[in-house]
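Colleague: This structure is in structure tokens; I'll ask about it shortly.
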Amino acid sequence: VWCDKRDGNWEMYYKRNPTGNLTEVHNINSEIPEDYVLDQNYPNPFNPTTTIKFSIPKPGNVTLKIYDITGREVRIIINNLQLNAGTVTHTFDGNELASGIYFYSLSIDGNLMDTKKMVLVK
């Protein structure tokens, strides 16, 4: 786990375990956002990792999934996990995926909040 203050707010990052499973999700600051926001991943295009960041203004059950260009679910990053209000980052590793266009979708309490496009270039 490491922290930096790249954009003026303290951000906390973490490393996934060797099996590729998500080990933790961290709120990166104590400020409560005013609205639901799914940021564009960075870098984009990426190879093989990128950071996905989102904010939620109140506690909720969060789901974050990755889909390929055909709409097939290829990875579940967060599966109906109860999170507190705040801003969260996740480092996505696309090492096991083919180059191409992918989409990531954020759902809170079963309601789709937003979807963004990302490009994996190997």
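Going through the structure tokens in order, the chains are called A, B, and so on, while each chain numbers its residues from 1 and the ligands are numbered from 1 in the order shown.
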Please provide the set of residues having any atom within 6 Å of stretch 76-90 of chain A, restricted to only C-alpha atoms, with same-chain residues fewer than 5 positions apart removed, written as a PDB file with all heavy atoms, in the first residue's frame.

Modeller:
```
ATOM      1  N   HIS A  26      -9.889   0.952  -1.120  1.00  0.00           N
ATOM      2  CA  HIS A  26      -9.647   2.007  -0.138  1.00  0.00           C
ATOM      3  C   HIS A  26     -10.340   3.295  -0.514  1.00  0.00           C
ATOM      4  O   HIS A  26     -10.311   3.697  -1.669  1.00  0.00           O
ATOM      5  CB  HIS A  26      -8.145   2.304  -0.031  1.00  0.00           C
ATOM      6  CG  HIS A  26      -7.384   1.216   0.617  1.00  0.00           C
ATOM      7  ND1 HIS A  26      -7.356   1.041   1.964  1.00  0.00           N
ATOM      8  CD2 HIS A  26      -6.621   0.238   0.090  1.00  0.00           C
ATOM      9  CE1 HIS A  26      -6.601  -0.003   2.250  1.00  0.00           C
ATOM     10  NE2 HIS A  26      -6.143  -0.506   1.125  1.00  0.00           N
ATOM     11  N   ASN A  27     -10.949   3.933   0.474  1.00  0.00           N
ATOM     12  CA  ASN A  27     -11.348   5.321   0.314  1.00  0.00           C
ATOM     13  C   ASN A  27     -10.061   6.118   0.340  1.00  0.00           C
ATOM     14  O   ASN A  27      -9.197   5.886   1.176  1.00  0.00           O
ATOM     15  CB  ASN A  27     -12.252   5.771   1.453  1.00  0.00           C
ATOM     16  CG  ASN A  27     -13.662   5.282   1.275  1.00  0.00           C
ATOM     17  OD1 ASN A  27     -13.985   4.624   0.297  1.00  0.00           O
ATOM     18  ND2 ASN A  27     -14.506   5.593   2.221  1.00  0.00           N
ATOM     19  N   ILE A  28      -9.925   7.087  -0.573  1.00  0.00           N
ATOM     20  CA  ILE A  28      -8.653   7.787  -0.670  1.00  0.00           C
ATOM     21  C   ILE A  28      -8.649   9.146   0.012  1.00  0.00           C
ATOM     22  O   ILE A  28      -7.615   9.781   0.098  1.00  0.00           O
ATOM     23  CB  ILE A  28      -8.200   7.931  -2.136  1.00  0.00           C
ATOM     24  CG1 ILE A  28      -9.233   8.689  -2.947  1.00  0.00           C
ATOM     25  CG2 ILE A  28      -7.901   6.577  -2.721  1.00  0.00           C
ATOM     26  CD1 ILE A  28      -8.775   9.011  -4.341  1.00  0.00           C
ATOM     27  N   ILE A  32     -16.591  13.967   1.621  1.00  0.00           N
ATOM     28  CA  ILE A  32     -17.780  13.308   1.084  1.00  0.00           C
ATOM     29  C   ILE A  32     -18.126  13.992  -0.240  1.00  0.00           C
ATOM     30  O   ILE A  32     -18.378  15.192  -0.257  1.00  0.00           O
ATOM     31  CB  ILE A  32     -18.964  13.410   2.063  1.00  0.00           C
ATOM     32  CG1 ILE A  32     -18.555  12.906   3.413  1.00  0.00           C
ATOM     33  CG2 ILE A  32     -20.190  12.747   1.480  1.00  0.00           C
ATOM     34  CD1 ILE A  32     -19.016  11.564   3.813  1.00  0.00           C
ATOM     35  N   THR A  51      -5.696   2.893 -13.810  1.00  0.00           N
ATOM     36  CA  THR A  51      -6.372   3.219 -12.560  1.00  0.00           C
ATOM     37  C   THR A  51      -7.800   3.659 -12.846  1.00  0.00           C
ATOM     38  O   THR A  51      -8.034   4.511 -13.704  1.00  0.00           O
ATOM     39  CB  THR A  51      -5.633   4.344 -11.817  1.00  0.00           C
ATOM     40  OG1 THR A  51      -4.303   3.901 -11.528  1.00  0.00           O
ATOM     41  CG2 THR A  51      -6.330   4.697 -10.515  1.00  0.00           C
ATOM     42  N   ILE A  52      -8.739   3.049 -12.132  1.00  0.00           N
ATOM     43  CA  ILE A  52     -10.154   3.420 -12.206  1.00  0.00           C
ATOM     44  C   ILE A  52     -10.510   4.077 -10.878  1.00  0.00           C
ATOM     45  O   ILE A  52     -10.240   3.525  -9.823  1.00  0.00           O
ATOM     46  CB  ILE A  52     -11.037   2.181 -12.455  1.00  0.00           C
ATOM     47  CG1 ILE A  52     -10.677   1.543 -13.806  1.00  0.00           C
ATOM     48  CG2 ILE A  52     -12.516   2.560 -12.398  1.00  0.00           C
ATOM     49  CD1 ILE A  52     -11.338   0.206 -14.058  1.00  0.00           C
ATOM     50  N   LYS A  53     -11.123   5.252 -10.965  1.00  0.00           N
ATOM     51  CA  LYS A  53     -11.456   6.022  -9.769  1.00  0.00           C
ATOM     52  C   LYS A  53     -12.935   6.396  -9.812  1.00  0.00           C
ATOM     53  O   LYS A  53     -13.449   6.772 -10.863  1.00  0.00           O
ATOM     54  CB  LYS A  53     -10.586   7.286  -9.751  1.00  0.00           C
ATOM     55  CG  LYS A  53     -10.768   8.202  -8.574  1.00  0.00           C
ATOM     56  CD  LYS A  53      -9.762   9.350  -8.712  1.00  0.00           C
ATOM     57  CE  LYS A  53      -9.969  10.446  -7.738  1.00  0.00           C
ATOM     58  NZ  LYS A  53      -9.042  11.557  -7.945  1.00  0.00           N
ATOM     59  N   PHE A  54     -13.614   6.280  -8.664  1.00  0.00           N
ATOM     60  CA  PHE A  54     -15.016   6.689  -8.590  1.00  0.00           C
ATOM     61  C   PHE A  54     -15.322   7.272  -7.221  1.00  0.00           C
ATOM     62  O   PHE A  54     -14.601   7.028  -6.257  1.00  0.00           O
ATOM     63  CB  PHE A  54     -15.961   5.530  -8.914  1.00  0.00           C
ATOM     64  CG  PHE A  54     -15.881   4.355  -7.989  1.00  0.00           C
ATOM     65  CD1 PHE A  54     -16.677   4.288  -6.851  1.00  0.00           C
ATOM     66  CD2 PHE A  54     -15.028   3.301  -8.261  1.00  0.00           C
ATOM     67  CE1 PHE A  54     -16.612   3.199  -5.996  1.00  0.00           C
ATOM     68  CE2 PHE A  54     -14.969   2.202  -7.417  1.00  0.00           C
ATOM     69  CZ  PHE A  54     -15.759   2.155  -6.283  1.00  0.00           C
ATOM     70  N   SER A  55     -16.392   8.064  -7.176  1.00  0.00           N
ATOM     71  CA  SER A  55     -16.827   8.704  -5.930  1.00  0.00           C
ATOM     72  C   SER A  55     -18.301   8.399  -5.697  1.00  0.00           C
ATOM     73  O   SER A  55     -19.094   8.399  -6.642  1.00  0.00           O
ATOM     74  CB  SER A  55     -16.650  10.219  -6.016  1.00  0.00           C
ATOM     75  OG  SER A  55     -15.305  10.552  -6.232  1.00  0.00           O
ATOM     76  N   ILE A  56     -18.648   8.152  -4.427  1.00  0.00           N
ATOM     77  CA  ILE A  56     -20.046   7.937  -4.065  1.00  0.00           C
ATOM     78  C   ILE A  56     -20.386   8.844  -2.876  1.00  0.00           C
ATOM     79  O   ILE A  56     -19.615   8.930  -1.931  1.00  0.00           O
ATOM     80  CB  ILE A  56     -20.355   6.448  -3.767  1.00  0.00           C
ATOM     81  CG1 ILE A  56     -19.469   5.892  -2.657  1.00  0.00           C
ATOM     82  CG2 ILE A  56     -20.197   5.603  -5.023  1.00  0.00           C
ATOM     83  CD1 ILE A  56     -19.830   4.467  -2.246  1.00  0.00           C
ATOM     84  N   PRO A  57     -21.539   9.537  -2.930  1.00  0.00           N
ATOM     85  CA  PRO A  57     -21.873  10.508  -1.890  1.00  0.00           C
ATOM     86  C   PRO A  57     -22.506   9.910  -0.639  1.00  0.00           C
ATOM     87  O   PRO A  57     -22.632  10.594   0.371  1.00  0.00           O
ATOM     88  CB  PRO A  57     -22.857  11.440  -2.592  1.00  0.00           C
ATOM     89  CG  PRO A  57     -23.513  10.582  -3.601  1.00  0.00           C
ATOM     90  CD  PRO A  57     -22.458   9.605  -4.044  1.00  0.00           C
ATOM     91  N   LYS A  58     -22.917   8.632  -0.708  1.00  0.00           N
ATOM     92  CA  LYS A  58     -23.490   7.984   0.470  1.00  0.00           C
ATOM     93  C   LYS A  58     -23.173   6.500   0.415  1.00  0.00           C
ATOM     94  O   LYS A  58     -22.874   5.960  -0.653  1.00  0.00           O
ATOM     95  CB  LYS A  58     -24.999   8.231   0.559  1.00  0.00           C
ATOM     96  CG  LYS A  58     -25.786   7.705  -0.605  1.00  0.00           C
ATOM     97  CD  LYS A  58     -27.259   8.044  -0.460  1.00  0.00           C
ATOM     98  CE  LYS A  58     -28.028   7.472  -1.640  1.00  0.00           C
ATOM     99  NZ  LYS A  58     -29.458   7.681  -1.529  1.00  0.00           N
ATOM    100  N   PRO A  59     -23.214   5.811   1.552  1.00  0.00           N
ATOM    101  CA  PRO A  59     -22.904   4.377   1.558  1.00  0.00           C
ATOM    102  C   PRO A  59     -23.828   3.604   0.618  1.00  0.00           C
ATOM    103  O   PRO A  59     -24.992   3.976   0.433  1.00  0.00           O
ATOM    104  CB  PRO A  59     -23.142   3.956   3.009  1.00  0.00           C
ATOM    105  CG  PRO A  59     -23.041   5.210   3.802  1.00  0.00           C
ATOM    106  CD  PRO A  59     -23.534   6.300   2.900  1.00  0.00           C
ATOM    107  N   GLY A  60     -23.297   2.554   0.034  1.00  0.00           N
ATOM    108  CA  GLY A  60     -24.112   1.731  -0.862  1.00  0.00           C
ATOM    109  C   GLY A  60     -23.386   0.466  -1.249  1.00  0.00           C
ATOM    110  O   GLY A  60     -22.184   0.314  -1.007  1.00  0.00           O
ATOM    111  N   ASN A  61     -24.132  -0.449  -1.859  1.00  0.00           N
ATOM    112  CA  ASN A  61     -23.561  -1.689  -2.373  1.00  0.00           C
ATOM    113  C   ASN A  61     -23.035  -1.413  -3.776  1.00  0.00           C
ATOM    114  O   ASN A  61     -23.798  -1.114  -4.690  1.00  0.00           O
ATOM    115  CB  ASN A  61     -24.602  -2.803  -2.400  1.00  0.00           C
ATOM    116  CG  ASN A  61     -24.973  -3.236  -1.002  1.00  0.00           C
ATOM    117  OD1 ASN A  61     -24.115  -3.366  -0.139  1.00  0.00           O
ATOM    118  ND2 ASN A  61     -26.252  -3.446  -0.772  1.00  0.00           N
ATOM    119  N   VAL A  62     -21.725  -1.527  -3.936  1.00  0.00           N
ATOM    120  CA  VAL A  62     -21.042  -1.125  -5.161  1.00  0.00           C
ATOM    121  C   VAL A  62     -20.664  -2.345  -5.990  1.00  0.00           C
ATOM    122  O   VAL A  62     -20.182  -3.345  -5.449  1.00  0.00           O
ATOM    123  CB  VAL A  62     -19.775  -0.313  -4.825  1.00  0.00           C
ATOM    124  CG1 VAL A  62     -18.974   0.006  -6.068  1.00  0.00           C
ATOM    125  CG2 VAL A  62     -20.146   0.947  -4.073  1.00  0.00           C
ATOM    126  N   THR A  63     -20.890  -2.241  -7.297  1.00  0.00           N
ATOM    127  CA  THR A  63     -20.445  -3.245  -8.248  1.00  0.00           C
ATOM    128  C   THR A  63     -19.700  -2.531  -9.363  1.00  0.00           C
ATOM    129  O   THR A  63     -20.181  -1.533  -9.894  1.00  0.00           O
ATOM    130  CB  THR A  63     -21.633  -4.045  -8.827  1.00  0.00           C
ATOM    131  OG1 THR A  63     -22.318  -4.695  -7.758  1.00  0.00           O
ATOM    132  CG2 THR A  63     -21.166  -5.084  -9.828  1.00  0.00           C
ATOM    133  N   LEU A  64     -18.510  -3.029  -9.693  1.00  0.00           N
ATOM    134  CA  LEU A  64     -17.703  -2.481 -10.780  1.00  0.00           C
ATOM    135  C   LEU A  64     -17.302  -3.653 -11.673  1.00  0.00           C
ATOM    136  O   LEU A  64     -16.646  -4.588 -11.209  1.00  0.00           O
ATOM    137  CB  LEU A  64     -16.467  -1.775 -10.223  1.00  0.00           C
ATOM    138  CG  LEU A  64     -15.535  -1.127 -11.226  1.00  0.00           C
ATOM    139  CD1 LEU A  64     -16.228  -0.004 -11.992  1.00  0.00           C
ATOM    140  CD2 LEU A  64     -14.286  -0.598 -10.523  1.00  0.00           C
ATOM    141  N   LYS A  65     -17.745  -3.600 -12.945  1.00  0.00           N
ATOM    142  CA  LYS A  65     -17.494  -4.710 -13.873  1.00  0.00           C
ATOM    143  C   LYS A  65     -16.837  -4.200 -15.147  1.00  0.00           C
ATOM    144  O   LYS A  65     -17.037  -3.059 -15.550  1.00  0.00           O
ATOM    145  CB  LYS A  65     -18.806  -5.406 -14.239  1.00  0.00           C
ATOM    146  CG  LYS A  65     -19.473  -6.105 -13.078  1.00  0.00           C
ATOM    147  CD  LYS A  65     -20.743  -6.803 -13.509  1.00  0.00           C
ATOM    148  CE  LYS A  65     -21.397  -7.527 -12.340  1.00  0.00           C
ATOM    149  NZ  LYS A  65     -22.619  -8.231 -12.757  1.00  0.00           N
TER     150      LYS A  65
END
```

Colleague: What is the atom CA of A:Arg75 to atom CA of A:Ser105 distance in Å?

Modeller: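 Between these atoms lies a distance of 10.8 Å.
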
Colleague: Tell me which protein, DNA and RNA residues are within 10 Å of stretch 39-48 of chain A, counting only C-alpha atoms, leaving out same-chain ones fewer than 3 positions away, and put them as an mmCIF file with N, CA, C and O atoms, in the first residue's frame.

Modeller:
```
data_model
loop_
_atom_site.group_PDB
_atom_site.id
_atom_site.type_symbol
_atom_site.label_atom_id
_atom_site.label_comp_id
_atom_site.auth_asym_id
_atom_site.auth_seq_id
_atom_site.Cartn_x
_atom_site.Cartn_y
_atom_site.Cartn_z
ATOM 1 N N TYR A 36 -22.440 11.146 -7.523
ATOM 2 C CA TYR A 36 -21.796 9.936 -8.018
ATOM 3 C C TYR A 36 -20.944 10.314 -9.219
ATOM 4 O O TYR A 36 -21.415 10.990 -10.132
ATOM 5 N N THR A 51 -5.696 2.893 -13.810
ATOM 6 C CA THR A 51 -6.372 3.219 -12.560
ATOM 7 C C THR A 51 -7.800 3.659 -12.846
ATOM 8 O O THR A 51 -8.034 4.511 -13.704
ATOM 9 N N ILE A 52 -8.739 3.049 -12.132
ATOM 10 C CA ILE A 52 -10.154 3.420 -12.206
ATOM 11 C C ILE A 52 -10.510 4.077 -10.878
ATOM 12 O O ILE A 52 -10.240 3.525 -9.823
ATOM 13 N N LYS A 53 -11.123 5.252 -10.965
ATOM 14 C CA LYS A 53 -11.456 6.022 -9.769
ATOM 15 C C LYS A 53 -12.935 6.396 -9.812
ATOM 16 O O LYS A 53 -13.449 6.772 -10.863
ATOM 17 N N PHE A 54 -13.614 6.280 -8.664
ATOM 18 C CA PHE A 54 -15.016 6.689 -8.590
ATOM 19 C C PHE A 54 -15.322 7.272 -7.221
ATOM 20 O O PHE A 54 -14.601 7.028 -6.257
ATOM 21 N N SER A 55 -16.392 8.064 -7.176
ATOM 22 C CA SER A 55 -16.827 8.704 -5.930
ATOM 23 C C SER A 55 -18.301 8.399 -5.697
ATOM 24 O O SER A 55 -19.094 8.399 -6.642
ATOM 25 N N THR A 89 -10.150 4.237 -5.478
ATOM 26 C CA THR A 89 -9.389 3.904 -6.673
ATOM 27 C C THR A 89 -9.148 2.396 -6.721
ATOM 28 O O THR A 89 -9.087 1.726 -5.697
ATOM 29 N N HIS A 90 -9.013 1.912 -7.946
ATOM 30 C CA HIS A 90 -8.656 0.511 -8.161
ATOM 31 C C HIS A 90 -7.685 0.454 -9.333
ATOM 32 O O HIS A 90 -7.908 1.089 -10.368
ATOM 33 N N THR A 91 -6.598 -0.292 -9.178
ATOM 34 C CA THR A 91 -5.669 -0.513 -10.278
ATOM 35 C C THR A 91 -6.083 -1.783 -10.996
ATOM 36 O O THR A 91 -6.043 -2.870 -10.424
ATOM 37 N N PHE A 92 -6.515 -1.622 -12.242
ATOM 38 C CA PHE A 92 -6.972 -2.749 -13.047
ATOM 39 C C PHE A 92 -5.813 -3.298 -13.857
ATOM 40 O O PHE A 92 -5.099 -2.551 -14.535
ATOM 41 N N ASP A 93 -5.625 -4.608 -13.812
ATOM 42 C CA ASP A 93 -4.566 -5.283 -14.556
ATOM 43 C C ASP A 93 -5.195 -6.053 -15.711
ATOM 44 O O ASP A 93 -5.915 -7.027 -15.502
ATOM 45 N N GLY A 94 -4.933 -5.612 -16.931
ATOM 46 C CA GLY A 94 -5.484 -6.259 -18.120
ATOM 47 C C GLY A 94 -4.519 -7.224 -18.766
ATOM 48 O O GLY A 94 -4.671 -7.570 -19.936
ATOM 49 N N ASN A 95 -3.540 -7.694 -18.015
ATOM 50 C CA ASN A 95 -2.507 -8.571 -18.543
ATOM 51 C C ASN A 95 -3.070 -9.832 -19.198
ATOM 52 O O ASN A 95 -2.514 -10.317 -20.176
ATOM 53 N N GLU A 96 -4.160 -10.366 -18.686
ATOM 54 C CA GLU A 96 -4.722 -11.619 -19.206
ATOM 55 C C GLU A 96 -5.748 -11.384 -20.311
ATOM 56 O O GLU A 96 -6.322 -12.339 -20.833
ATOM 57 N N LEU A 97 -5.970 -10.123 -20.695
ATOM 58 C CA LEU A 97 -6.941 -9.805 -21.742
ATOM 59 C C LEU A 97 -6.229 -9.475 -23.043
ATOM 60 O O LEU A 97 -5.069 -9.060 -23.040
ATOM 61 N N SER A 99 -5.650 -7.249 -26.533
ATOM 62 C CA SER A 99 -5.742 -5.834 -26.897
ATOM 63 C C SER A 99 -7.140 -5.546 -27.419
ATOM 64 O O SER A 99 -7.762 -6.388 -28.067
ATOM 65 N N GLY A 100 -7.645 -4.355 -27.126
ATOM 66 C CA GLY A 100 -8.952 -3.987 -27.646
ATOM 67 C C GLY A 100 -9.644 -2.949 -26.799
ATOM 68 O O GLY A 100 -9.074 -2.385 -25.868
ATOM 69 N N ILE A 101 -10.901 -2.707 -27.147
ATOM 70 C CA ILE A 101 -11.737 -1.751 -26.441
ATOM 71 C C ILE A 101 -12.551 -2.484 -25.387
ATOM 72 O O ILE A 101 -13.149 -3.519 -25.666
ATOM 73 N N TYR A 104 -16.034 -0.203 -18.613
ATOM 74 C CA TYR A 104 -16.189 -0.469 -17.188
ATOM 75 C C TYR A 104 -17.423 0.267 -16.699
ATOM 76 O O TYR A 104 -17.666 1.416 -17.074
ATOM 77 N N ASP A 114 -22.888 4.740 -14.272
ATOM 78 C CA ASP A 114 -22.125 5.257 -15.408
ATOM 79 C C ASP A 114 -21.282 4.143 -16.012
ATOM 80 O O ASP A 114 -20.965 3.161 -15.345
ATOM 81 N N THR A 115 -20.921 4.340 -17.285
ATOM 82 C CA THR A 115 -20.049 3.426 -18.012
ATOM 83 C C THR A 115 -19.042 4.260 -18.790
ATOM 84 O O THR A 115 -19.396 5.287 -19.362
ATOM 85 N N LYS A 116 -17.785 3.807 -18.804
ATOM 86 C CA LYS A 116 -16.724 4.496 -19.546
ATOM 87 C C LYS A 116 -15.987 3.489 -20.427
ATOM 88 O O LYS A 116 -15.966 2.290 -20.140
ATOM 89 N N LYS A 117 -15.350 4.015 -21.483
ATOM 90 C CA LYS A 117 -14.585 3.197 -22.406
ATOM 91 C C LYS A 117 -13.106 3.282 -22.077
ATOM 92 O O LYS A 117 -12.606 4.356 -21.730
ATOM 93 N N MET A 118 -12.399 2.154 -22.217
ATOM 94 C CA MET A 118 -10.945 2.149 -22.054
ATOM 95 C C MET A 118 -10.340 1.260 -23.151
ATOM 96 O O MET A 118 -11.006 0.372 -23.665
ATOM 97 N N VAL A 119 -9.097 1.540 -23.484
ATOM 98 C CA VAL A 119 -8.430 0.841 -24.575
ATOM 99 C C VAL A 119 -7.163 0.183 -24.055
ATOM 100 O O VAL A 119 -6.291 0.850 -23.490
ATOM 101 N N LEU A 120 -7.087 -1.126 -24.249
ATOM 102 C CA LEU A 120 -5.908 -1.909 -23.869
ATOM 103 C C LEU A 120 -5.059 -2.130 -25.124
ATOM 104 O O LEU A 120 -5.567 -2.648 -26.117
ATOM 105 N N VAL A 121 -3.810 -1.691 -25.098
ATOM 106 C CA VAL A 121 -2.899 -1.835 -26.222
ATOM 107 C C VAL A 121 -1.687 -2.614 -25.740
ATOM 108 O O VAL A 121 -0.995 -2.195 -24.832
ATOM 109 N N LYS A 122 -1.447 -3.752 -26.361
ATOM 110 C CA LYS A 122 -0.289 -4.579 -25.978
ATOM 111 C C LYS A 122 0.750 -4.573 -27.076
ATOM 112 O O LYS A 122 0.464 -4.396 -28.222
#
```
